[in-house]
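Student: I have a structure here, written as structure tokens, and I will follow up with some questions on it.
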Amino acid sequence: MSVTAAQISDSSVLKAIGDRRSIRYFDPDKKVEDWKVQAILQAGRLASCQGNINATEAIVVQKESCDLWDEIEECVSGFNVQIINQCSHLIFWLTNLNAWYGRANDGLSSLALVGALTKYHGWNYEFTMTQTMPRLMSFPTERTEILLRFESGQAVGNAVLAGTSLGLGNILLAFGRKPGGVEKAFGLAPNLKFTWAHAIGYPLEDPKAGGQRPRIKFEKLFHDGAYGMPLYPDPAVDDALREKGMLQEQAPLPGRMKELDDLAAKFSRDPGIVSWPAKEVERLIADEDWDFGPAIKARAKEVVAEGGLPDYPEEMRETFEKLMAEHGIDTAKYLS
Ligand SMILES: Cc1cc2nc3c(=O)[nH]c(=O)nc-3n(C[C@H](O)[C@H](O)[C@H](O)COP(=O)(O)O)c2cc1C
């Protein structure tokens, strides 16, 4: 079934950003319409890309019609198996490194033709061909890969927001069980790099997924002029963004844990959430870096009061200490 513009609901980008959650429970009986898949892919295609080289491609797969499903399933990280089997479509986003080496010239030429590259900014054909292009094309593939995977991230970010604005659940999924396995299953040439797959479908959990997930405080992430100088958010701006649906009530919303247990019962899976040790929960909740609201603080208290929590794996402390110290991280904060 196709669609007309009148049938596509409007959602502002800010609202889609606010509505987005990683959805982990999909209705296995509800297929996403072809036109929505197309809109999601268009969102990826229209993302900004360096020199208009269009390095991001995708393979769209449905379990029912995919001959490679068993091979694909063997590659997905264990905690994602249920998700790929219940979602409607899987989109394997790929980064084509050859776009850099093969299409940079034509990409720039296309930008010149549409009036995006101008002499105003110093663009010059001869310089481009004798200096810029040879320099870019002689990048080692490792460098190109870093640059282009960032670009694919942009495309996927767009695609996820488009999916959200069309009322779909979206999640990115690691296929870490068999590194290189996805590329092998699809028979991809070495220039085609796979990073994450994108599952879409109709959420079986509430689309709010129990509320907006907590983040590190704004001023701990963003810096004003110099690194380490906190850039504070204006509370009035946040209020306006809240009104526009971008900032939403933080998780967990009332009833979330019961919803999860009901979903587990429906699919004969184990109920319950994963627990961290009481001391670890208390340390996290007291951490000034996190923007924790009242609901998660109350939940932490409840979890600690309920008890039955695991012990910290002391035998791992030395390993964690070593790994953090290797990166110059203050272990005292995390391993008190
Ligand atoms: C690149 C990327 C890979 C991810 N991989 C997985 C994954 O393999 N499995 C999973 O359950 N969630 C995965 N997630 C979802 C994150 O865990 C999620 O973003 C986090 O729970 C925060 O929640 P939110 O996305 O709902 O805001 C991934 C997210 C990103 C951005």
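Here's how to read the names in the structure tokens: chain A, B, ... by the order shown, residue numbers from 1 in each chain, ligand numbers from 1 in the order shown.
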Based on DSSP run over this structure's backbone, return all residues of range 108-239 of chain A in strand (DSSP E), as a PyMOL selection string.
Tutor: chain A and resi 169-173+192-201
Student: For those residues, write C-alpha atoms to a file as a CSV table (one decimal), in the first residue's frame.
Tutor:
chain,number,residue,atom,x,y,z
A,169,GLY,CA,10.0,1.9,17.4
A,170,ASN,CA,13.7,2.0,16.5
A,171,ILE,CA,16.8,0.6,18.1
A,172,LEU,CA,20.4,0.2,17.0
A,173,LEU,CA,21.8,-3.3,17.5
A,192,LEU,CA,31.8,-2.2,2.7
A,193,LYS,CA,31.9,-1.7,6.4
A,194,PHE,CA,29.1,-2.7,8.8
A,195,THR,CA,28.8,-1.0,12.2
A,196,TRP,CA,25.3,-1.4,13.6
A,197,ALA,CA,22.0,-2.7,12.5
A,198,HIS,CA,18.7,-0.7,13.0
A,199,ALA,CA,15.6,-2.6,14.0
A,200,ILE,CA,12.2,-1.1,13.3
A,201,GLY,CA,8.7,-2.2,14.1
Student: I'd like a table as JSON lines: residues in chain A with an atom no more than 10 Å from ligand 1, each row giving the shortest atom pair and its distance in Å to one decimal, only C-alpha atoms and all ligand atoms counted, sorted by chain and rising residue number.
Tutor:
{"residue": "A:Ile17", "atom": "CA", "partner": "ligand 1", "partner_atom_place_in_ligand_line": "27 (O)", "distance": 9.5}
{"residue": "A:Gly18", "atom": "CA", "partner": "ligand 1", "partner_atom_place_in_ligand_line": "27 (O)", "distance": 9.2}
{"residue": "A:Asp19", "atom": "CA", "partner": "ligand 1", "partner_atom_place_in_ligand_line": "26 (O)", "distance": 9.2}
{"residue": "A:Arg20", "atom": "CA", "partner": "ligand 1", "partner_atom_place_in_ligand_line": "26 (O)", "distance": 6.6}
{"residue": "A:Arg21", "atom": "CA", "partner": "ligand 1", "partner_atom_place_in_ligand_line": "26 (O)", "distance": 3.4}
{"residue": "A:Ser22", "atom": "CA", "partner": "ligand 1", "partner_atom_place_in_ligand_line": "26 (O)", "distance": 3.7}
{"residue": "A:Ile23", "atom": "CA", "partner": "ligand 1", "partner_atom_place_in_ligand_line": "26 (O)", "distance": 6.7}
{"residue": "A:Arg24", "atom": "CA", "partner": "ligand 1", "partner_atom_place_in_ligand_line": "11 (O)", "distance": 6.5}
{"residue": "A:Val76", "atom": "CA", "partner": "ligand 1", "partner_atom_place_in_ligand_line": "8 (O)", "distance": 8.2}
{"residue": "A:Ser77", "atom": "CA", "partner": "ligand 1", "partner_atom_place_in_ligand_line": "8 (O)", "distance": 6.7}
{"residue": "A:Gly78", "atom": "CA", "partner": "ligand 1", "partner_atom_place_in_ligand_line": "8 (O)", "distance": 9.0}
{"residue": "A:Phe79", "atom": "CA", "partner": "ligand 1", "partner_atom_place_in_ligand_line": "9 (N)", "distance": 6.6}
{"residue": "A:Asn80", "atom": "CA", "partner": "ligand 1", "partner_atom_place_in_ligand_line": "9 (N)", "distance": 5.7}
{"residue": "A:Val81", "atom": "CA", "partner": "ligand 1", "partner_atom_place_in_ligand_line": "9 (N)", "distance": 9.5}
{"residue": "A:Ile83", "atom": "CA", "partner": "ligand 1", "partner_atom_place_in_ligand_line": "11 (O)", "distance": 8.1}
{"residue": "A:Gly153", "atom": "CA", "partner": "ligand 1", "partner_atom_place_in_ligand_line": "1 (C)", "distance": 7.9}
{"residue": "A:Val156", "atom": "CA", "partner": "ligand 1", "partner_atom_place_in_ligand_line": "1 (C)", "distance": 9.2}
{"residue": "A:Gly157", "atom": "CA", "partner": "ligand 1", "partner_atom_place_in_ligand_line": "31 (C)", "distance": 8.5}
{"residue": "A:Asn170", "atom": "CA", "partner": "ligand 1", "partner_atom_place_in_ligand_line": "25 (O)", "distance": 8.8}
{"residue": "A:Ile171", "atom": "CA", "partner": "ligand 1", "partner_atom_place_in_ligand_line": "15 (C)", "distance": 6.1}
{"residue": "A:Leu172", "atom": "CA", "partner": "ligand 1", "partner_atom_place_in_ligand_line": "4 (C)", "distance": 4.6}
{"residue": "A:Leu173", "atom": "CA", "partner": "ligand 1", "partner_atom_place_in_ligand_line": "8 (O)", "distance": 3.5}
{"residue": "A:Ala174", "atom": "CA", "partner": "ligand 1", "partner_atom_place_in_ligand_line": "8 (O)", "distance": 3.6}
{"residue": "A:Phe175", "atom": "CA", "partner": "ligand 1", "partner_atom_place_in_ligand_line": "8 (O)", "distance": 6.9}
{"residue": "A:Gly176", "atom": "CA", "partner": "ligand 1", "partner_atom_place_in_ligand_line": "8 (O)", "distance": 8.1}
{"residue": "A:Thr195", "atom": "CA", "partner": "ligand 1", "partner_atom_place_in_ligand_line": "1 (C)", "distance": 8.0}
{"residue": "A:Trp196", "atom": "CA", "partner": "ligand 1", "partner_atom_place_in_ligand_line": "3 (C)", "distance": 6.3}
{"residue": "A:Ala197", "atom": "CA", "partner": "ligand 1", "partner_atom_place_in_ligand_line": "3 (C)", "distance": 8.3}
{"residue": "A:His198", "atom": "CA", "partner": "ligand 1", "partner_atom_place_in_ligand_line": "3 (C)", "distance": 8.8}
{"residue": "A:Lys208", "atom": "CA", "partner": "ligand 1", "partner_atom_place_in_ligand_line": "26 (O)", "distance": 9.0}
{"residue": "A:Ala209", "atom": "CA", "partner": "ligand 1", "partner_atom_place_in_ligand_line": "26 (O)", "distance": 7.5}
{"residue": "A:Gly210", "atom": "CA", "partner": "ligand 1", "partner_atom_place_in_ligand_line": "26 (O)", "distance": 9.4}
{"residue": "A:Gly211", "atom": "CA", "partner": "ligand 1", "partner_atom_place_in_ligand_line": "26 (O)", "distance": 8.5}
{"residue": "A:Gln212", "atom": "CA", "partner": "ligand 1", "partner_atom_place_in_ligand_line": "27 (O)", "distance": 6.4}
{"residue": "A:Arg213", "atom": "CA", "partner": "ligand 1", "partner_atom_place_in_ligand_line": "27 (O)", "distance": 5.1}
{"residue": "A:Pro214", "atom": "CA", "partner": "ligand 1", "partner_atom_place_in_ligand_line": "27 (O)", "distance": 7.7}
{"residue": "A:Arg215", "atom": "CA", "partner": "ligand 1", "partner_atom_place_in_ligand_line": "27 (O)", "distance": 8.4}
{"residue": "A:Ala251", "atom": "CA", "partner": "ligand 1", "partner_atom_place_in_ligand_line": "26 (O)", "distance": 9.8}
Student: Leaving out Gln42 in chain A and any residue of its chain fewer than 2 positions from it, which residues lie within 12 Å of it when counting only C-alpha atoms, given as a ChimeraX atom specification?
Tutor: /A:35-40,44-47,56-58,155-156,158-163
Student: Go ahead and write the residues just picked, C-alpha atoms, as a tab-separated table (two decimals), in the first residue's frame.
Tutor:
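And here is the file that came out, result-v7.tsv:
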chain	number	residue	atom	x	y	z
A	35	TRP	CA	6.29	3.49	2.54
A	36	LYS	CA	7.53	4.02	6.08
A	37	VAL	CA	10.64	1.96	5.35
A	38	GLN	CA	11.16	4.09	2.27
A	39	ALA	CA	10.78	7.30	4.29
A	40	ILE	CA	13.35	6.05	6.81
A	44	GLY	CA	19.38	8.44	5.73
A	45	ARG	CA	20.04	9.36	2.11
A	46	LEU	CA	19.39	13.05	2.75
A	47	ALA	CA	21.79	13.32	5.69
A	56	THR	CA	26.10	5.26	3.42
A	57	GLU	CA	24.16	2.34	2.01
A	58	ALA	CA	21.81	-0.20	3.58
A	155	ALA	CA	22.52	9.11	8.26
A	156	VAL	CA	21.36	6.58	10.82
A	158	ASN	CA	18.29	10.93	10.68
A	159	ALA	CA	16.72	7.58	9.84
A	160	VAL	CA	15.94	6.81	13.48
A	161	LEU	CA	14.24	10.18	13.95
A	162	ALA	CA	12.21	9.69	10.78
A	163	GLY	CA	11.11	6.29	12.07
Student: Leaving out Glu183 in chain A and any residue of its chain fewer than 3 positions from it, which residues lie within 10 Å of it when counting only C-alpha atoms, given as a list in words?
Tutor: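 The contact residues come out as Ile72, Phe92, Leu94, Pro179, Gly180, Phe186, Gly187, Leu188, Ala189, Pro190, Leu192, Lys193, Phe194 and Thr195 of chain A.
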Student: I'd like the interatomic distance between CA of Gly107 in chain A and CA of Val13 in chain A, to a tenth of an Å.
Tutor: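 These two atoms are separated by 27.5 Å.
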Student: Using CA of Asp239 in chain A and CA of Phe218 in chain A as the two end points, give the distance in Å to one decimal.
Tutor: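 Distance reported for this atom pair: 14.4 Å.
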Student: Using only C-alpha atoms, find the one residue out of A:Gly51, A:Pro294, A:Gly122, A:Pro28 that sits nearest to Gln82 in chain A.
Tutor: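 With only C-alpha atoms as the atom set, the closest residue is A:Pro28.
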Student: Write down as an NGL selection string the residues of range 86-241 of chain A whose backbone DSSP state falls under alpha helix (DSSP H).
Tutor: :A and (86 or 98-113 or 125-127 or 133-137 or 141-165 or 181-186 or 218-221 or 235-241)
Student: Could you tell me which of A:Cys49, A:Leu309, A:Cys87, A:Val182 comes closest to Lys31 in chain A if we count only C-alpha atoms?
Tutor: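 Checking each candidate against Lys31 in chain A, we get A:Cys87 as the closest.
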Student: Could you check which of A:Ile296, A:Cys75, A:Gly181, A:Thr128 is closest to Pro252 in chain A, using only C-alpha atoms?
Tutor: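 Among A:Ile296, A:Cys75, A:Gly181, A:Thr128, it is A:Ile296 that comes nearest to Pro252 in chain A.
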Student: Measure the distance from CA of Lys333 in chain A to CA of Ser275 in chain A in Å and round it to one decimal.
Tutor: 20.3 Å
Student: Using only C-alpha atoms for the distances, tell me which of A:Ala43, A:Leu90, A:Pro134, A:Tyr202 is nearest to Cys66 in chain A.
Tutor: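 When distances to Cys66 in chain A are compared using only C-alpha atoms, the smallest one comes from A:Leu90.
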Student: Have a look at A:Lys258, A:Lys279, A:Lys184, A:Arg317 and name the one nearest to Ala305 in chain A; count only C-alpha atoms.
Tutor: A:Lys279
